[in-house]
Structures are given as structure tokens and as C-alpha cells.
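First the structure, in the form of C-alpha cells, and then the observations on it.
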Amino acid sequence: MSWFKRDKPAEEKLPKLGNGERRVRTEGLWQKCGGCRQIIWKKDLESNWNVCPKCGAHSSIDALTRLKLLLDRGYRQFDTGLRSSDPLGFVDKKPYKDRLRDMEQSTGLPDAIVTAEGCIEGRTVQICSMEPKFIGGSMGCVVGEKIARAIERAIERRQPLVIVSASGGARMQEGAVSLMQMAKISAALMRLDEVRLPYISVLTDPTTGGVTASYAMLGDLNIAEPGALIGFAGPRVIEQTIRQKLPEGFQRSEFLLAHGMLDAVVPRLELKAYLARALEFLGG
Amino acid sequence: MEPEVNPDAPAEGAAAAPAPEAHPAWCRVQLARHPKRPHAVDYIQALFTDFDEIHGDRVFGDDAAIIAGMARFEGRPVMVVAEEKGRDTKQRLHRNFGMPKPEGYRKALRAMQLASKFGRPVITFLDTQGAYPGIDAEERGQGEAIARNLREMARLAVPVICVVIGEGGSGGALGVGVGNTVLMLENAIYSVISPESCSTIIYRDRAKAEQAAAALRLTAEDLLALGLIDTIVPEPPGGAQEDPAAAAENLRQHLRACLDQLSAFGPDHLVEHRYVKFRKMGNFFA
């Protein structure tokens with residue numbers, strides 16, 4: 001047991017585990033905030049939903065913690081048995097099938113999303129919460145299908161929809177299959193739109209690529225957590241293309257707000273109350 | 001997903017002939033990017049009459065990477081929306097190498113909604129390495145523009161036929177690719193990420209793009225087997241660049257058949273047909 005959690009660069013030196021994945025040690029009692037670089041008692045950070053009590057920087061939370069944050073006690077998950085069958089037979093450094101299995105072990109989830117029905121301050125909603133640690137929160141056929149089914153449930157039960165995105169985009173390991181999930185989900189959102197049920201998209205760090213270019217930007221309201229990276233192309237790709245440094249704060253929530261791409265930037269601790277008010281206004 | 005940025009794509013006039021021992025998928029990538037491969041302007045010229053281009057997104061500007069226009073296909077009025085890379089250096093710069101910006105997608109949507117309003121079928125041509133990854137494109141909502149197209153194309157009450165003629169570069173191609181029928185030329189490719197970017201992510205090395213091309217299953221046969229496209233349009237021996245007129249004639253036959261089939265559907269049926277088609281995609285569960 002160590003007193004301090006190692007800061008990022010040291011992570012590179014960690015020995016590889018047997019399965020070839022690097023892992024960050026998380027047993028430290030203290031953690032350095034990524035925003036203000038101050039040392040924070042880890043339990044204080046966790047009890048504050050990973051929002052730094054000193055500077056307010058938001059670090060990511062997992063999909064289930066997100067549901068706990070937003071929903072009243074007691075909710076019901078759906079489609080927990082869906083798993084990708086690896087349509088391409090993709091192999092990179094290790095077979096995609098093995099990667100899925102390892103990810104399921106480390107995150108406890110079968111893919112990068114949890115879908116559920118629950119209440120936000122008494123109002124029943126269909127909610128989808130993405131898991132940023134599952135292959136970068138990437139969208140493959142399971143994410144696509146679970147969201148499409150959630151939208152269909154919302155239509156059938158006449159309930160509003162909330163999707164919390166945290167994703168690097170479409171999942172490379174499923175090739176064009178993951179690309180088409182963008183069209184599939186967007187088409188389902190067209191149906192939700194036709195029957196005039198509210199959809200609120202919550203963008204969290206990071207929301208990029210094919211997720212930004214489909215459901216994350218299609219909310220009746222698009223709201224984001226402070227400081228989240230949001231964009232279509234990743235910053236590294238843009239730098240390589242235009243061969244110049246990107247301006248400070250580029251592709252952060254506040255930048256998107258200033259450019260008219262978001263309805264609001266809402267701190268995590270106010271998110272539930274905001275959603276409740278917005279859903280009441282929209283009549284969901 | 002990273003968008004398809006591909007600064008190393010063969011420049012105009014560069015030798016694009018793959019080594020004979022190259023993987024078949026990599027040969028297809030080279031053919032899809034062949035400097036002499038017919039582009040959208042060539043197909044527009046060969047397949048349509050009375051073409052009148054319409055410009056601008058009514059918000060910001062006119063993006064030359066996407067061409068939209070009113071035309072006739074064998075006498076039938078249709079709306080054409082096409083991604084165009086440009087041929088020589090001057091054109092390529094003018095067309096931004098076929099990488100559309102948000103105003104391009106918004107122009108495309110405006111044209112398609114116009115067609116829907118007046119009951120004209122839509123024919124789109126997909127050929128881009130990807131949507132433009134730049135500061136200005138991000139500022140104006142590249143993601144939002146593509147996302148809106150995906151949702152609104154699903155709502156069009158007219159036949160929508162999409163043809164992948166060269167490079168189907170990820171979301172940048174799909175942004176004009178939600179159709180009742182999606183055709184793909186024999187040597188075209190369609191992928192979530194370019195082989196170069198994919199190999200950079202896996203091997204930290206662009207040079208292994210050939211392996212990545214094989215792993216991504218991006219050829220027309222692959223897409224058909226995965227149920228993501230409807231029909232493969234054959235090309236003349238050696239590829240469309242060897243006989244552009246024959247390539248266009250093959251495409252004409254397929255477009256005619258698709259239009260005949262879809263014209264029998266009513267507006268609601270067309271929307272339903274398109275929805276069901278995409279809703280079924282990716283049914284790969286263990």
C-alpha cells in the first residue's frame with residue numbers, strides 16, 4: 001500500500017501484466033487532482049463524485065456510478081446479456097475476443113454501455129450510460145443495439161430518453177459494422193423525434209468521433225460537463241493535419257458553448273436537478 | 001473513431017500500382033484511390049442530363065467538396081449529391097481534397113430536403129477520405145452537421161440511392177450515405193477508419209497499413225457479406241479507370257433498376273424501408 005497514487009508518467013514504467021494490458025495502481029489513499037495538481041484525500045474525491053473539492057475539475061466516473069448519481073434509488077437494467085460476436089474476426093496485438101473478455105473482467109460490464117429504466121426526481125426515464133474504460137467507451141454493435149432498444153422502449157412506454165456519452169467514437173475492431181451503428185441510432189432518434197418525446201444528450205469527457213457525429217449531438221438539449229473534450233476529429237489528428245499547435249481550451253465544453261454547439265455546461269453535482277427541471281419543461 | 005486523414009494518399013500522378021504480392025484488400029485500397037479513377041464529376045457527366053448545380057448552405061458558405069444539383073436521369077428528375085476530390089492540383093485544392101466541412105453537409109441536407117419536399121428521388125455519390133479535421137470545421141460543428149444528416153436522411157420521403165464510388169471514409173462518407181439502397185463499386189472501399197490510421201493505432205506504424213486493410217474488412221465483398229450494403233456494381237477489368245465509360249454504363253443499369261423498384265413505394269413505405277434496413281445492421285451477438 002502506498003500513500004500517494006503515482007502520477008501519470010510513472011504509469012509507463014509499470015510492468016505489463018500477464019494479459020498484456022497496462023494497469024494503473026489504484027490503491028493509493030491520496031490522489032493528485034488533474035486540474036489543480038493538489039493532493040486530495042481519495043475518499044473526499046470519491047464522495048464528491050470525482051469532482052475535485054478544491055478546484056472543481058471533473059474526472060471520469062464509471063457507468064454505474066453515473067446511474068447512482070442521476071437516478072433515484074432502484075432502477076432496472078436491460079439487455080445485460082448482449083455481447084459482441086466479433087463480426088470481423090479482428091486481431092491486433094491480441095484477438096478482439098480476448099480483449100472483450102479482459103475488459104469484461106476489469107470493468108465488470110459486458111460492453112461499453114449500461115441501459116436502464118429509472119427515475120430522475122420521480123420522473124421515469126430510459127437512460128443510457130457509457131463506460132469510458134471499456135475499450136475507450138467505443139461504440140460497436142452492442143452499444144448500437146442497446147441504445148436502439150432503449151429508444152424503442154422510450155417510444156413504446158412514452159418516456160423521455162437521456163444518454164450520457166463518454167466515448168472515443170466508433171469501435172475500430174468492428175470496422176464498418178460500428179460505423180453503421182451511427183446511422184442506426186440516428187434513425188431511431190428520428191422516430192423518437194416524430195412522436196415528440198424529449199431526448200437530452202449529456203456529453204462528458206471525452207465525447208469524440210462517431211459518437212459526436214451521431215446521437216451525442218442530436219439531443220433536444222445537448223448539455224456537457226465542464227472541461228470535457230468534445231469534438232469530431234481528435235486533437236492529435238487535427239494537429240497532424242494542419243501542422244500547428246491547437247489553441248488553449250480548443251474542443252472543451254466551454255469552447256463548444258461559445259461556438260453555439262451546446263445548450264449549457266452543467267457541473268456534475270447540479271446535473272440531476274438540471275435534468276429534472278429540463279424534463280419537466282419538455283413535458284417528459 | 002478517428003476520421004480518415006490521409007496525408008500519405010498517393011498524390012496526383014503518383015504511381016499507385018500495388019506490388020503484385022500485396023494483399024487483395026490492399027490492392028482494392030490502391031484502386032479506390034487510383035489517381036485516374038473516375039470521380040463524381042465524371043459520373044455526373046456520364047449519367048445525367050440537364051445538370052444544374054445548386055450552391056450554399058444558406059448559413060455560412062458553399063463547400064466545393066460536395067456538389068449538389070438538379071438533374072435528369074434517363075429523363076427522370078433527380079437530386080444529385082456528390083463528394084468530389086478533384087483531379088489536378090488546382091481542383092484538389094479547390095475541393096479541399098474531397099474532405100467536406102460542416103457547410104458541405106448542410107448544403108447536402110438542404111438539397112435532399114428540397115428533393116423530398118418536391119417528390120424527387122435522391123442519388124448520392126460517396127468518395128472521401130473523411131470529413132475535414134480542422135479547427136474551423138470543429139468550430140462550426142462538424143459532428144453536429146454529420147449527425148443531423150444521419151437523422152434527417154432517415155426521414156426523407158423519397159427514394160434515396162447511395163453509391164460508394166471510391167473511398168467510403170467513415171462518418172465523412174456516411175454523412176450522405178443513409179439510403180434505401182446502398183450500391184458499392186467493385187473496387188471501392190468503405191471503412192470506419194483508414195488503414196493508415198488503424199495501423200498507427202495498433203502498431204504505432206503507418207507502414208503496416210496493408211495488414212490493417214486486411215483486418216478492417218473494407219472491400220465491397222466484405223461489406224456485402226456483413227449485410228451493410230445491398231449490391232456490388234461490377235467494374236471493367238483492371239478497374240474503373242481502365243474504361244470509365246463502361247464503368248458508368250454498369251452503374252447506369254443498376255441505378256435504373258433501383259429507381260424502378262423504389263419508385264413503386266409510397267413515401268411512408270420508403271421511410272419505413274430505410275429504417276428497417278439500417279435497424280438490422282450489426283446483428284452480431286454472441
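By convention here, the chains of the C-alpha cells are called A, B, ... in the order presented, each chain's residues are numbered starting at 1, and ligands are numbered starting at 1 in the order presented.
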For this session: Could the residues of chain A within 7 Å of chain B, counting only C-alpha atoms, be given as a ChimeraX atom specification, please?
Result: /A:82-85,87-88,90,92-93,141,168-172,175-177,179-180,183-184,186-187,189-190,209-210,212-215,217-218,231-234,238,242,259,261
Those selected residues, please, written with N, CA and C atoms and delivered as a short mmCIF file (atom, residue, chain, number, x, y, z; two decimals), in the first residue's frame.
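Output saved as part30.cif:
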```cif
data_model
loop_
_atom_site.label_atom_id
_atom_site.label_comp_id
_atom_site.auth_asym_id
_atom_site.auth_seq_id
_atom_site.Cartn_x
_atom_site.Cartn_y
_atom_site.Cartn_z
N LEU A 82 -26.25 -8.99 -23.84
CA LEU A 82 -25.75 -8.77 -25.20
C LEU A 82 -24.23 -8.68 -25.22
N ARG A 83 -23.60 -9.50 -26.04
CA ARG A 83 -22.16 -9.45 -26.21
C ARG A 83 -21.82 -9.53 -27.68
N SER A 84 -20.76 -8.84 -28.07
CA SER A 84 -20.36 -8.85 -29.48
C SER A 84 -19.81 -10.21 -29.89
N SER A 85 -20.15 -10.62 -31.11
CA SER A 85 -19.64 -11.90 -31.60
C SER A 85 -18.38 -11.72 -32.44
N PRO A 87 -17.64 -9.66 -35.34
CA PRO A 87 -18.02 -9.92 -36.73
C PRO A 87 -16.85 -9.96 -37.71
N LEU A 88 -15.76 -9.23 -37.44
CA LEU A 88 -14.65 -9.21 -38.40
C LEU A 88 -13.61 -10.28 -38.11
N PHE A 90 -11.42 -9.83 -35.72
CA PHE A 90 -10.34 -8.85 -35.70
C PHE A 90 -9.23 -9.25 -34.73
N ASP A 92 -5.57 -7.57 -33.36
CA ASP A 92 -4.46 -6.62 -33.43
C ASP A 92 -3.34 -7.16 -32.57
N LYS A 93 -3.04 -6.51 -31.44
CA LYS A 93 -1.98 -7.07 -30.60
C LYS A 93 -2.46 -8.35 -29.94
N CYS A 141 -21.38 -2.92 -32.14
CA CYS A 141 -22.76 -3.34 -32.39
C CYS A 141 -23.57 -3.47 -31.09
N GLY A 168 -14.70 7.44 -27.18
CA GLY A 168 -13.76 7.89 -28.20
C GLY A 168 -14.32 7.80 -29.60
N GLY A 169 -15.51 7.18 -29.75
CA GLY A 169 -16.13 7.09 -31.06
C GLY A 169 -16.43 5.65 -31.45
N ALA A 170 -16.56 5.42 -32.75
CA ALA A 170 -16.88 4.08 -33.24
C ALA A 170 -15.73 3.13 -32.94
N ARG A 171 -16.05 1.85 -32.75
CA ARG A 171 -15.03 0.87 -32.35
C ARG A 171 -14.34 0.28 -33.57
N MET A 172 -13.05 0.59 -33.68
CA MET A 172 -12.24 0.14 -34.81
C MET A 172 -12.33 -1.37 -35.02
N GLY A 175 -15.01 -2.46 -37.32
CA GLY A 175 -15.00 -1.91 -38.68
C GLY A 175 -16.27 -1.19 -39.07
N ALA A 176 -16.71 -1.43 -40.30
CA ALA A 176 -17.88 -0.73 -40.83
C ALA A 176 -19.16 -1.09 -40.08
N VAL A 177 -19.15 -2.21 -39.35
CA VAL A 177 -20.32 -2.57 -38.54
C VAL A 177 -20.56 -1.49 -37.49
N LEU A 179 -19.47 1.60 -37.70
CA LEU A 179 -19.82 2.83 -38.44
C LEU A 179 -21.34 2.91 -38.65
N MET A 180 -21.94 1.79 -39.05
CA MET A 180 -23.37 1.80 -39.38
C MET A 180 -24.25 1.96 -38.13
N ALA A 183 -25.73 5.38 -38.07
CA ALA A 183 -26.96 5.58 -38.86
C ALA A 183 -28.16 4.93 -38.17
N LYS A 184 -27.91 3.74 -37.60
CA LYS A 184 -28.99 3.00 -36.95
C LYS A 184 -29.57 3.79 -35.77
N SER A 186 -29.21 7.03 -35.15
CA SER A 186 -29.76 8.32 -35.58
C SER A 186 -31.15 8.13 -36.19
N ALA A 187 -31.34 7.03 -36.92
CA ALA A 187 -32.65 6.74 -37.50
C ALA A 187 -33.67 6.48 -36.38
N LEU A 189 -33.53 7.77 -33.44
CA LEU A 189 -33.80 9.08 -32.84
C LEU A 189 -34.77 9.89 -33.68
N MET A 190 -34.76 9.65 -35.00
CA MET A 190 -35.73 10.29 -35.87
C MET A 190 -37.15 9.88 -35.44
N GLY A 209 -15.45 11.66 -32.20
CA GLY A 209 -15.62 10.76 -33.34
C GLY A 209 -17.08 10.46 -33.65
N GLY A 210 -17.33 9.19 -33.94
CA GLY A 210 -18.65 8.78 -34.41
C GLY A 210 -19.77 8.94 -33.40
N THR A 212 -19.95 11.72 -31.34
CA THR A 212 -20.29 13.13 -31.54
C THR A 212 -21.04 13.30 -32.85
N ALA A 213 -20.63 12.55 -33.88
CA ALA A 213 -21.23 12.69 -35.20
C ALA A 213 -22.52 11.88 -35.33
N SER A 214 -23.08 11.46 -34.21
CA SER A 214 -24.41 10.85 -34.28
C SER A 214 -25.21 11.26 -33.04
N TYR A 215 -25.51 10.32 -32.13
CA TYR A 215 -26.50 10.64 -31.11
C TYR A 215 -26.11 11.72 -30.11
N MET A 217 -24.91 14.59 -30.48
CA MET A 217 -25.24 15.96 -30.91
C MET A 217 -26.71 16.09 -31.33
N LEU A 218 -27.51 15.05 -31.11
CA LEU A 218 -28.89 15.08 -31.62
C LEU A 218 -29.93 15.27 -30.53
N GLY A 231 -15.58 16.68 -29.61
CA GLY A 231 -15.25 17.07 -30.98
C GLY A 231 -15.48 15.93 -31.92
N PHE A 232 -15.35 16.21 -33.20
CA PHE A 232 -15.45 15.14 -34.21
C PHE A 232 -14.08 14.50 -34.38
N ALA A 233 -13.13 15.27 -34.88
CA ALA A 233 -11.77 14.75 -35.02
C ALA A 233 -11.04 14.94 -33.70
N GLY A 234 -10.19 13.99 -33.36
CA GLY A 234 -9.39 14.11 -32.15
C GLY A 234 -8.33 15.19 -32.32
N ILE A 238 -6.06 16.51 -35.75
CA ILE A 238 -6.13 17.87 -36.29
C ILE A 238 -4.74 18.48 -36.34
N ILE A 242 -3.17 19.95 -39.81
CA ILE A 242 -2.90 21.36 -40.09
C ILE A 242 -1.48 21.75 -39.68
N HIS A 259 -19.20 28.53 -29.16
CA HIS A 259 -19.45 28.44 -30.59
C HIS A 259 -20.87 27.97 -30.92
N MET A 261 -22.61 25.32 -29.92
CA MET A 261 -22.86 23.90 -30.15
C MET A 261 -23.51 23.20 -28.96
#
```
Please provide the set of residues having any atom within 9 Å of stretch 126-128 of chain A, restricted to only C-alpha atoms, with same-chain residues fewer than 6 positions apart removed, written as a short mmCIF file (atom, residue, chain, number, x, y, z; two decimals) with N, CA and C atoms, in the first residue's frame.
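Contents of result_10.cif, as written:
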```
data_model
loop_
_atom_site.label_atom_id
_atom_site.label_comp_id
_atom_site.auth_asym_id
_atom_site.auth_seq_id
_atom_site.Cartn_x
_atom_site.Cartn_y
_atom_site.Cartn_z
N ALA A 63 -19.84 3.90 -15.48
CA ALA A 63 -21.22 3.92 -15.96
C ALA A 63 -22.23 3.71 -14.82
N LEU A 67 -25.18 6.25 -13.00
CA LEU A 67 -26.60 5.97 -12.76
C LEU A 67 -26.97 6.30 -11.32
N ILE A 113 -21.53 0.09 -22.35
CA ILE A 113 -22.74 0.85 -22.03
C ILE A 113 -23.65 0.07 -21.08
N VAL A 114 -24.36 0.84 -20.25
CA VAL A 114 -25.41 0.27 -19.41
C VAL A 114 -26.70 1.00 -19.79
N THR A 115 -27.76 0.24 -20.05
CA THR A 115 -29.05 0.88 -20.32
C THR A 115 -30.02 0.50 -19.22
N ALA A 116 -30.83 1.47 -18.81
CA ALA A 116 -31.71 1.21 -17.67
C ALA A 116 -32.96 2.07 -17.74
N GLU A 117 -33.95 1.63 -16.95
CA GLU A 117 -35.14 2.45 -16.72
C GLU A 117 -35.11 2.84 -15.25
N GLY A 118 -35.26 4.12 -14.99
CA GLY A 118 -35.22 4.58 -13.60
C GLY A 118 -35.86 5.94 -13.50
N CYS A 119 -35.82 6.52 -12.29
CA CYS A 119 -36.49 7.80 -12.07
C CYS A 119 -35.49 8.90 -11.78
N LYS A 146 -28.06 -1.67 -27.97
CA LYS A 146 -28.64 -1.34 -26.67
C LYS A 146 -29.27 0.04 -26.68
N ILE A 147 -28.63 0.98 -27.38
CA ILE A 147 -29.22 2.32 -27.47
C ILE A 147 -30.49 2.28 -28.32
N ALA A 150 -33.20 0.96 -26.32
CA ALA A 150 -33.63 1.92 -25.30
C ALA A 150 -34.56 2.96 -25.92
N ILE A 151 -34.22 3.39 -27.14
CA ILE A 151 -35.06 4.38 -27.82
C ILE A 151 -36.44 3.76 -28.13
N ARG A 153 -37.89 1.39 -26.48
CA ARG A 153 -38.63 1.29 -25.21
C ARG A 153 -39.22 2.64 -24.83
N ALA A 154 -38.42 3.71 -25.04
CA ALA A 154 -38.91 5.06 -24.72
C ALA A 154 -40.17 5.37 -25.53
N GLN A 159 -41.76 7.48 -22.63
CA GLN A 159 -40.88 8.05 -21.61
C GLN A 159 -39.77 8.86 -22.28
N PRO A 160 -39.23 9.84 -21.58
CA PRO A 160 -38.09 10.59 -22.13
C PRO A 160 -36.83 9.73 -22.15
N LEU A 161 -35.87 10.20 -22.94
CA LEU A 161 -34.60 9.49 -23.09
C LEU A 161 -33.45 10.39 -22.65
N VAL A 162 -32.52 9.80 -21.89
CA VAL A 162 -31.28 10.51 -21.53
C VAL A 162 -30.12 9.60 -21.93
N ILE A 163 -29.17 10.12 -22.70
CA ILE A 163 -27.96 9.35 -22.99
C ILE A 163 -26.76 10.12 -22.48
N VAL A 164 -25.97 9.48 -21.62
CA VAL A 164 -24.73 10.09 -21.13
C VAL A 164 -23.57 9.49 -21.93
N SER A 165 -22.94 10.31 -22.76
CA SER A 165 -21.86 9.82 -23.61
C SER A 165 -20.50 10.00 -22.94
#
```
Problem set entry | Selected residue, from B:Val233, B:Met99, B:Val78, B:Val41, that lies nearest to B:Pro159 when counting only C-alpha atoms |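 Checking each of B:Val233, B:Met99, B:Val78, B:Val41 against B:Pro159, counting only C-alpha atoms, the winner is B:Val78.
The two atoms in question, atom CA of A:Ser253 and atom CA of A:Arg37, are spaced 20.7 Å apart.
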Exercise. Among stretch 13-262 of chain B, which residues carry a DSSP assignment of helix (DSSP H, G or I), reported as a count of residues only?
Worked result: 112
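The neighbours of A:Asn50 here are the residues that come within 8 Å of it, using only C-alpha atoms and leaving out any residue fewer than 2 positions away in the same chain; they are A:Leu45, A:Glu46, A:Ser47, A:Asn48, A:Cys52, A:His58, A:Ser59, A:Ser60, A:Ile61.
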Selected residues written out with N, CA and C atoms, as an mmCIF file, in the first residue's frame:
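The resulting file, again_31.cif, is reproduced below:
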```cif
data_model
loop_
_atom_site.group_PDB
_atom_site.id
_atom_site.type_symbol
_atom_site.label_atom_id
_atom_site.label_comp_id
_atom_site.auth_asym_id
_atom_site.auth_seq_id
_atom_site.Cartn_x
_atom_site.Cartn_y
_atom_site.Cartn_z
ATOM 1 N N LEU A 45 -12.548 12.831 -2.727
ATOM 2 C CA LEU A 45 -12.802 12.944 -4.149
ATOM 3 C C LEU A 45 -13.978 12.043 -4.546
ATOM 4 N N GLU A 46 -13.928 10.810 -4.041
ATOM 5 C CA GLU A 46 -14.981 9.870 -4.411
ATOM 6 C C GLU A 46 -16.335 10.278 -3.847
ATOM 7 N N SER A 47 -16.330 10.782 -2.615
ATOM 8 C CA SER A 47 -17.618 11.171 -2.038
ATOM 9 C C SER A 47 -18.168 12.402 -2.737
ATOM 10 N N ASN A 48 -17.309 13.085 -3.477
ATOM 11 C CA ASN A 48 -17.743 14.257 -4.249
ATOM 12 C C ASN A 48 -17.928 13.900 -5.729
ATOM 13 N N CYS A 52 -13.131 17.498 -8.085
ATOM 14 C CA CYS A 52 -12.130 17.966 -7.133
ATOM 15 C C CYS A 52 -12.765 18.981 -6.174
ATOM 16 N N HIS A 58 -13.477 17.980 -13.125
ATOM 17 C CA HIS A 58 -14.242 16.737 -13.190
ATOM 18 C C HIS A 58 -13.369 15.618 -13.740
ATOM 19 N N SER A 59 -13.184 14.545 -12.977
ATOM 20 C CA SER A 59 -12.562 13.366 -13.580
ATOM 21 C C SER A 59 -13.648 12.318 -13.778
ATOM 22 N N SER A 60 -13.362 11.330 -14.645
ATOM 23 C CA SER A 60 -14.476 10.491 -15.090
ATOM 24 C C SER A 60 -14.985 9.562 -13.991
ATOM 25 N N ILE A 61 -16.237 9.193 -14.124
ATOM 26 C CA ILE A 61 -16.842 8.200 -13.240
ATOM 27 C C ILE A 61 -17.376 7.070 -14.115
#
```
Problem set entry | Separation of atom CA of A:Ile185 from atom CA of A:Glu104 in Å | 23.7 Å
Exercise. What separation in Å, quoted to one decimal, exists between atom CA of B:Leu224 and atom CA of A:Ala188?
Worked result: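 Computing the Euclidean distance for atom CA of B:Leu224 and atom CA of A:Ala188 yields 22.8 Å.
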Exercise. Looking at only C-alpha atoms, which of B:Pro77, B:Gly86, B:Pro236, B:Gly166 is the one that sits closest to B:Gly119?
Worked result: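 That would be B:Pro77, the residue with the smallest distance to B:Gly119.
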For this session: Would you list, as a PyMOL selection string, the residues of stretch 22-216 of chain A that end up in strand (DSSP E) under DSSP run on this structure's backbone?
Result: chain A and resi 30-32+39-41+76-78+113-120+123-130+161-167+199-207
